[in-house]
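Structure file work-v7.txt (compact mmCIF, C-alpha atoms) follows.
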```txt
# COMPACT_ATOMS: atom_id res chain seq x y z
CA MET M 18 27.40 -1.72 10.28
CA PRO M 19 24.44 -0.24 8.32
CA ILE M 20 24.77 3.41 7.28
CA PRO M 21 22.34 5.59 9.28
CA VAL M 22 20.00 7.77 7.20
CA ILE M 23 18.01 10.56 8.87
CA LEU M 24 14.81 11.22 6.92
CA ASN M 25 12.64 14.29 7.29
CA PRO M 26 9.21 13.01 6.11
CA ALA M 27 7.93 16.60 5.94
CA ALA M 28 10.47 17.40 3.21
CA ARG M 29 7.75 16.07 0.87
CA SER M 30 4.93 15.24 3.22
CA THR M 31 2.52 14.01 0.54
CA LYS M 32 5.07 11.43 -0.59
CA ALA M 33 6.52 10.55 2.82
CA ALA M 34 5.36 6.93 2.77
CA SER M 35 6.70 6.22 -0.72
CA LEU M 36 10.03 7.91 0.06
CA GLU M 37 10.42 5.82 3.18
CA GLN M 38 9.70 2.67 1.18
CA VAL M 39 12.26 3.62 -1.48
CA LEU M 40 14.91 4.20 1.18
CA ARG M 41 14.14 0.90 2.89
CA SER M 42 14.55 -0.91 -0.43
CA LEU M 43 18.06 0.44 -1.09
CA SER M 44 20.98 -1.96 -1.16
CA PRO M 45 22.83 -2.24 1.10
CA ALA M 46 19.90 -1.45 3.39
CA PRO M 47 20.31 1.73 5.47
CA GLU M 48 19.51 2.18 9.15
CA LEU M 49 16.56 4.58 8.81
CA HIS M 50 15.77 7.22 11.45
CA LEU M 51 12.60 9.33 10.99
CA THR M 52 12.29 12.82 12.46
CA THR M 53 9.07 14.02 14.04
CA GLY M 54 9.72 17.74 14.52
CA PRO M 55 12.25 20.62 14.51
CA GLY M 56 15.53 19.74 16.20
CA ASP M 57 15.02 15.96 15.90
CA ALA M 58 17.57 15.57 13.12
CA THR M 59 20.19 17.41 15.18
CA ALA M 60 19.62 15.28 18.28
CA ILE M 61 19.62 12.02 16.30
CA ALA M 62 22.78 12.94 14.39
CA GLU M 63 24.64 13.95 17.55
CA SER M 64 23.69 10.69 19.24
CA LEU M 65 24.71 8.56 16.25
CA ALA M 66 28.02 10.39 15.82
CA THR M 67 28.78 10.07 19.53
CA GLU M 68 28.13 6.33 19.26
CA GLY M 69 30.94 6.15 16.71
CA HIS M 70 29.24 6.07 13.30
CA GLU M 71 31.77 7.23 10.71
CA LEU M 72 29.10 8.40 8.23
CA ILE M 73 25.61 9.89 8.69
CA VAL M 74 23.31 10.66 5.76
CA ALA M 75 20.74 13.48 5.67
CA ALA M 76 17.68 12.66 3.52
CA GLY M 77 15.65 15.78 2.78
CA GLY M 78 16.34 19.36 1.70
CA ASP M 79 19.06 21.77 2.74
CA GLY M 80 17.25 22.42 6.03
CA THR M 81 17.44 18.76 7.02
CA MET M 82 21.06 18.67 5.90
CA ASN M 83 21.93 21.63 8.12
CA GLU M 84 20.11 20.14 11.12
CA VAL M 85 22.09 16.93 10.72
CA LEU M 86 25.24 19.02 10.30
CA GLN M 87 24.70 20.68 13.71
CA GLY M 88 24.51 17.38 15.58
CA LEU M 89 27.34 15.77 13.67
CA CYS M 90 29.64 18.76 14.24
CA ARG M 91 28.82 19.00 17.94
CA ALA M 92 30.01 15.41 18.31
CA ASN M 93 33.09 16.04 16.14
CA ALA M 94 33.96 19.12 18.22
CA ARG M 95 34.33 16.93 21.31
CA ARG M 96 36.83 14.59 19.66
CA ASN M 97 40.52 14.71 20.44
CA PRO M 98 43.08 15.65 17.79
CA GLY M 99 43.73 12.70 15.48
CA GLU M 100 40.42 10.98 16.18
CA THR M 101 38.24 10.07 13.19
CA HIS M 102 35.46 12.56 12.49
CA THR M 103 31.99 11.53 11.38
CA ALA M 104 31.39 12.34 7.70
CA LEU M 105 28.22 13.76 6.11
CA GLY M 106 26.30 12.25 3.21
CA VAL M 107 23.28 13.78 1.44
CA LEU M 108 20.23 12.27 -0.26
CA PRO M 109 18.53 15.31 -1.91
CA LEU M 110 14.76 14.94 -1.36
CA GLY M 111 13.57 18.41 -0.31
CA THR M 112 12.36 21.65 -1.91
CA MET M 113 15.89 23.03 -2.25
CA ASN M 114 19.06 20.92 -2.51
CA VAL M 115 21.83 23.42 -3.23
CA PHE M 116 24.52 21.54 -1.32
CA SER M 117 23.94 18.36 -3.35
CA VAL M 118 24.40 20.39 -6.55
CA GLU M 119 27.72 21.68 -5.19
CA LEU M 120 28.79 18.10 -4.43
CA LYS M 121 27.82 17.06 -8.00
CA LEU M 122 25.46 14.37 -6.78
CA PRO M 123 23.00 12.95 -9.33
CA GLY M 124 19.97 15.10 -8.52
CA ARG M 125 16.90 13.28 -7.29
CA ASP M 126 18.25 9.91 -8.38
CA ILE M 127 18.08 8.24 -4.97
CA GLU M 128 19.66 4.99 -6.12
CA GLY M 129 22.47 6.86 -7.89
CA CYS M 130 23.17 8.99 -4.81
CA TRP M 131 23.15 5.92 -2.58
CA GLU M 132 25.67 4.26 -4.87
CA LYS M 133 27.96 7.29 -4.47
CA ILE M 134 27.48 7.25 -0.69
CA THR M 135 28.22 3.55 -0.29
CA SER M 136 31.28 3.73 -2.55
CA GLY M 137 33.07 5.64 0.22
CA GLN M 138 34.47 8.46 -1.95
CA ARG M 139 35.08 11.19 0.61
CA ARG M 140 36.75 14.56 0.56
CA GLU M 141 37.39 17.32 3.07
CA ILE M 142 35.85 20.78 2.70
CA ASP M 143 35.80 24.04 4.62
CA LEU M 144 33.34 24.36 7.51
CA TRP M 145 32.11 27.67 8.92
CA MET M 146 30.35 29.09 11.95
CA ALA M 147 28.00 32.06 12.34
CA ASN M 148 28.17 32.73 16.06
CA GLU M 149 27.76 29.13 17.33
CA HIS M 150 25.81 27.77 14.33
CA TYR M 151 27.64 25.63 11.74
CA PHE M 152 27.07 26.01 8.00
CA VAL M 153 28.69 24.54 4.95
CA GLN M 154 27.25 25.96 1.70
CA LEU M 155 25.70 29.42 1.93
CA GLY M 156 24.24 32.12 4.13
CA GLY M 157 22.52 35.48 3.98
CA VAL M 158 21.94 38.47 6.24
CA GLY M 159 19.07 40.89 5.66
CA LEU M 160 16.73 40.57 2.67
CA ASP M 161 17.69 37.02 1.79
CA ALA M 162 17.02 35.76 5.30
CA GLN M 163 13.80 37.78 5.58
CA ILE M 164 12.50 35.98 2.48
CA VAL M 165 13.28 32.62 4.09
CA LYS M 166 11.61 33.77 7.31
CA GLU M 167 8.40 34.73 5.52
CA THR M 168 8.15 31.60 3.34
CA SER M 169 5.88 29.19 5.18
CA TRP M 170 5.89 25.42 4.89
CA GLU M 171 2.40 25.63 3.35
CA GLN M 172 3.76 27.92 0.60
CA LYS M 173 6.70 25.62 -0.11
CA LYS M 174 4.40 22.60 -0.29
CA LYS M 175 2.04 24.39 -2.70
CA TYR M 176 4.44 26.34 -4.91
CA GLY M 177 7.86 24.71 -4.45
CA PRO M 178 10.83 27.02 -5.21
CA LEU M 179 8.40 29.65 -6.59
CA SER M 180 7.27 30.27 -3.01
CA TYR M 181 10.53 32.14 -2.34
CA VAL M 182 9.85 34.46 -5.29
CA ILE M 183 6.39 35.26 -3.90
CA SER M 184 7.89 36.12 -0.50
CA ALA M 185 10.62 38.21 -2.17
CA VAL M 186 8.04 40.44 -3.85
CA ASN M 187 6.47 41.20 -0.47
CA VAL M 188 9.80 41.82 1.27
CA LEU M 189 11.06 44.15 -1.47
CA MET M 190 8.16 46.51 -0.86
CA ARG M 191 9.51 47.41 2.61
CA PRO M 192 12.52 49.60 3.55
CA PRO M 193 15.64 47.45 4.04
CA PRO M 194 17.85 47.56 7.15
CA ALA M 195 21.26 49.25 7.01
CA LEU M 196 24.02 46.70 7.58
CA ASN M 197 27.58 47.39 8.72
CA ILE M 198 30.14 44.79 7.58
CA GLN M 199 33.44 44.80 9.45
CA ILE M 200 36.50 42.97 8.13
CA ASP M 201 39.93 43.22 9.76
CA GLY M 202 42.25 45.46 7.80
CA LYS M 203 39.46 47.08 5.77
CA ALA M 204 37.30 50.15 6.21
CA PRO M 205 33.74 49.22 7.27
CA LEU M 206 31.37 48.49 4.39
CA MET M 207 27.73 49.53 4.38
CA GLY M 208 24.99 47.58 2.65
CA THR M 209 21.45 46.26 2.73
CA VAL M 210 22.08 42.58 1.95
CA VAL M 211 25.03 40.25 2.54
CA LEU M 212 25.12 37.01 0.54
CA ILE M 213 27.66 34.42 1.72
CA GLY M 214 29.02 31.56 -0.37
CA ASN M 215 31.31 28.69 0.57
CA GLY M 216 30.63 27.14 -2.84
CA ARG M 217 29.65 28.45 -6.26
CA HIS M 218 25.92 27.70 -6.04
CA TYR M 219 23.22 29.66 -4.28
CA GLY M 220 19.43 29.23 -4.29
CA GLY M 221 19.53 26.36 -6.78
CA PRO M 222 21.76 25.44 -9.73
CA PHE M 223 22.91 29.04 -10.18
CA PRO M 224 26.69 29.69 -9.93
CA LEU M 225 26.21 33.00 -8.12
CA PHE M 226 29.71 32.96 -6.60
CA ARG M 227 31.81 32.46 -9.71
CA GLU M 228 35.16 32.42 -7.92
CA ALA M 229 34.15 30.42 -4.84
CA SER M 230 35.78 27.21 -3.68
CA ASN M 231 34.87 25.19 -0.61
CA THR M 232 38.50 24.19 -0.08
CA ASP M 233 40.32 27.56 -0.19
CA GLY M 234 39.70 28.66 3.42
CA LYS M 235 37.72 31.71 2.29
CA LEU M 236 34.10 32.76 1.97
CA ASP M 237 32.87 34.81 -0.98
CA LEU M 238 30.66 37.79 -0.12
CA ILE M 239 28.30 39.80 -2.30
CA ILE M 240 27.16 43.00 -0.59
CA PHE M 241 24.30 45.06 -2.00
CA ARG M 242 25.05 48.75 -1.42
CA GLY M 243 21.38 49.65 -1.88
CA LEU M 244 18.26 47.75 -2.81
CA GLY M 245 17.04 48.82 -6.22
CA GLY M 246 16.80 47.35 -9.68
CA MET M 247 20.45 48.08 -10.56
CA GLU M 248 21.74 45.80 -7.78
CA PHE M 249 19.80 42.89 -9.20
CA LEU M 250 20.79 43.68 -12.78
CA GLN M 251 24.46 43.79 -11.83
CA LEU M 252 24.05 40.57 -9.88
CA LEU M 253 22.70 38.82 -12.98
CA ARG M 254 25.33 40.37 -15.24
CA GLY M 255 28.13 39.42 -12.86
CA MET M 256 26.89 35.85 -12.52
CA LEU M 257 26.17 35.23 -16.21
CA LEU M 258 28.59 37.45 -18.11
CA ASP M 259 31.68 39.32 -16.96
CA GLY M 260 31.98 38.85 -13.20
CA TYR M 261 31.69 41.38 -10.39
CA GLN M 262 35.01 43.20 -10.67
CA ALA M 263 33.61 46.51 -11.97
CA CYS M 264 30.24 46.67 -10.23
CA GLU M 265 29.00 50.08 -9.11
CA TYR M 266 26.18 48.82 -6.89
CA LEU M 267 27.73 45.65 -5.45
CA ASP M 268 30.83 44.69 -3.49
CA TYR M 269 32.33 41.26 -4.18
CA LEU M 270 35.16 40.10 -1.94
CA GLN M 271 36.70 37.09 -0.25
CA THR M 272 37.49 36.84 3.45
CA SER M 273 37.86 34.27 6.20
CA GLU M 274 36.18 36.24 8.98
CA PHE M 275 33.76 39.18 9.30
CA THR M 276 31.08 40.70 11.52
CA VAL M 277 27.68 42.13 10.55
CA THR M 278 25.73 44.59 12.69
CA SER M 279 22.61 46.61 11.94
CA ASP M 280 21.09 49.94 12.87
CA HIS M 281 17.82 48.02 13.37
CA GLY M 282 19.33 45.81 16.06
CA GLU M 283 19.00 42.14 15.22
CA VAL M 284 18.42 41.17 11.60
CA PRO M 285 17.35 37.79 10.19
CA VAL M 286 20.09 35.36 9.18
CA GLU M 287 19.73 32.26 7.04
CA LEU M 288 22.33 29.50 6.84
CA ASP M 289 22.13 26.73 4.26
CA GLY M 290 18.65 27.94 3.33
CA GLU M 291 17.15 27.80 6.82
CA LEU M 292 16.50 30.60 9.29
CA ALA M 293 19.09 30.64 12.07
CA ASP M 294 18.28 31.77 15.61
CA LEU M 295 21.22 34.10 16.25
CA ASN M 296 21.36 36.91 18.79
CA GLY M 297 23.35 40.13 18.58
CA PRO M 298 26.09 40.84 16.01
CA VAL M 299 26.66 38.06 13.47
CA VAL M 300 30.27 36.88 13.69
CA VAL M 301 31.28 34.54 10.86
CA ARG M 302 34.53 32.59 11.19
CA PRO M 303 36.10 29.22 10.28
CA ALA M 304 35.10 26.25 12.40
CA PRO M 305 38.01 24.73 14.36
CA PHE M 306 37.95 21.65 12.10
CA ARG M 307 36.95 20.81 8.51
CA LEU M 308 34.13 18.55 7.31
CA ASN M 309 34.36 15.20 5.55
CA VAL M 310 31.64 14.75 2.91
CA ILE M 311 30.61 12.23 0.28
CA ALA M 312 30.93 13.82 -3.17
CA ASP M 313 31.21 12.80 -6.80
```
Structure rendered as structure tokens:
Amino acid sequence: MPIPVILNPAARSTKAASLEQVLRSLSPAPELHLTTGPGDATAIAESLATEGHELIVAAGGDGTMNEVLQGLCRANARRNPGETHTALGVLPLGTMNVFSVELKLPGRDIEGCWEKITSGQRREIDLWMANEHYFVQLGGVGLDAQIVKETSWEQKKKYGPLSYVISAVNVLMRPPPALNIQIDGKAPLMGTVVLIGNGRHYGGPFPLFREASNTDGKLDLIIFRGLGGMEFLQLLRGMLLDGYQACEYLDYLQTSEFTVTSDHGEVPVELDGELADLNGPVVVRPAPFRLNVIAD
């Protein structure tokens, strides 16, 4: 049975035709499914997984990957204990491909990635939910998500990853929301930004979460206590030099479940680099099952 590949042509719209041709020329040939709009990848993935495909591949950026993840997990959630779950493969073709870096896939080498996918080397990793939305690599509440919200497709097409920096400059000029982070057994923490990592990498090839593992049953959190220059300096120092243990302006901790509320009501949330439509308090917890992925 051919391996289904879900391609988001808009991931690089100016090269959509050539990307499609490259995918069709792979050996063994994939079963290619093209999306036409938001939500398509989720619907296609759920249908394919329900039909019994044991592997579905997302071809695009992290946003396409997360859309495919939603559909695949919805089908897996309906399976009985002991039944085989559909696994996720990734062909990194979009603006940002953080999850593929975490999986140690060979960058934008489509043929090399396809060779890894068809070799059948799978492993099981932790899977998480924010309210009812699945995610597998990273998330953010507050500033981080606001930057994603304000970065348009036109900006990403024109400037690539630099588009997020441009949006960040605009967002940083406004007062941040006050966030309340509640973890069982701990006093509530206050902050302006919550960064969430299931793996080491965040926003590109940067090992922001130095201690993170996607198989330990825990998420790593970085909480900004304020939103000034010292938070960012300590973030860089912690990532590049001596870790976050003695930070004055940041909290770094590991947990398996937490809730975020805000004095501003709802705040933006991004999961796997894409804005998530969540209402009310953000409750993050383990999914009731883990995820099978293709990795190096």
So how many Å separate atom CA of Met113 of chain M and atom CA of Cys90 of chain M, to one decimal? 21.9 Å
Coordinates-based distance that separates atom CA of Asn25 of chain M from atom CA of Leu122 of chain M (Å, one decimal): 19.0 Å
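Proximity to Glu63 of chain M was assessed for M:Leu89, M:Gly80, M:Leu206, M:Val22 counting all atoms listed in the file; the smallest distance is recorded for M:Leu89.
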Contact residues around Leu40 of chain M with only C-alpha atoms at 9 Å, ignoring same-chain residues under 4 positions, as a ChimeraX atom specification: /M:22,35-36,44,46-47,49,127-128
Which of these, M:Leu86, M:Ile311, M:Leu110, M:Leu270, has the shortest distance to Ala66 of chain M once you count only C-alpha atoms? M:Leu86
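Minimum distance to Ser273 of chain M across M:Gly221, M:Gly214, M:Gly78, M:Pro123 (counting all atoms listed in the file) occurs at M:Gly214.
Proximity of M:Glu149, M:Glu274, M:Asp201, M:Glu37 to Asp237 of chain M, computed with all atoms listed in the file, is greatest for M:Glu274.
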Which residues, written as a PyMOL selection string, have at least one atom at most 6 Å from segment 304-310 of chain M, with all atoms listed in the file counted and residues fewer than 3 positions away on the same chain left out? chain M and resi 104-106+139-146
Would you mind telling me which residue in M:Gly243, M:Pro224, M:Pro19, M:Gly282 lies nearest to Leu72 of chain M when using all atoms listed in the file? M:Pro19
Could you tell me how far atom CA of Thr135 of chain M sits from atom CA of Phe223 of chain M, in Å to one decimal place? 27.9 Å
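Look at Thr52 of chain M: the protein and nucleic acid residues within 9 Å of it, using all atoms listed in the file and passing over chain neighbours fewer than 5 places away, are Ile23, Leu24, Asn25, Pro26, Ala27, Asp57, Ala58 and Ile61 of chain M.
With distances restricted to only C-alpha atoms, M:Gln87 is the closest residue to His150 of chain M from M:Thr67, M:Thr272, M:Thr232, M:Gln87.
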Padding 8 Å on every side, please: axis-aligned box over the listed atoms of segment 192-211 of chain M, centre and edge lengths to one decimal in Å, as lines of an AutoDock Vina configuration file.
```
center_x = 27.4
center_y = 45.2
center_z = 5.9
size_x = 45.7
size_y = 25.9
size_z = 23.8
```
Near Met207 of chain M, counting only C-alpha atoms, which residues have an atom at most 10 Å away, once you skip same-chain residues fewer than 4 positions from it, shown as a PyMOL selection string? chain M and resi 195-199+211+240-243+268+277-279
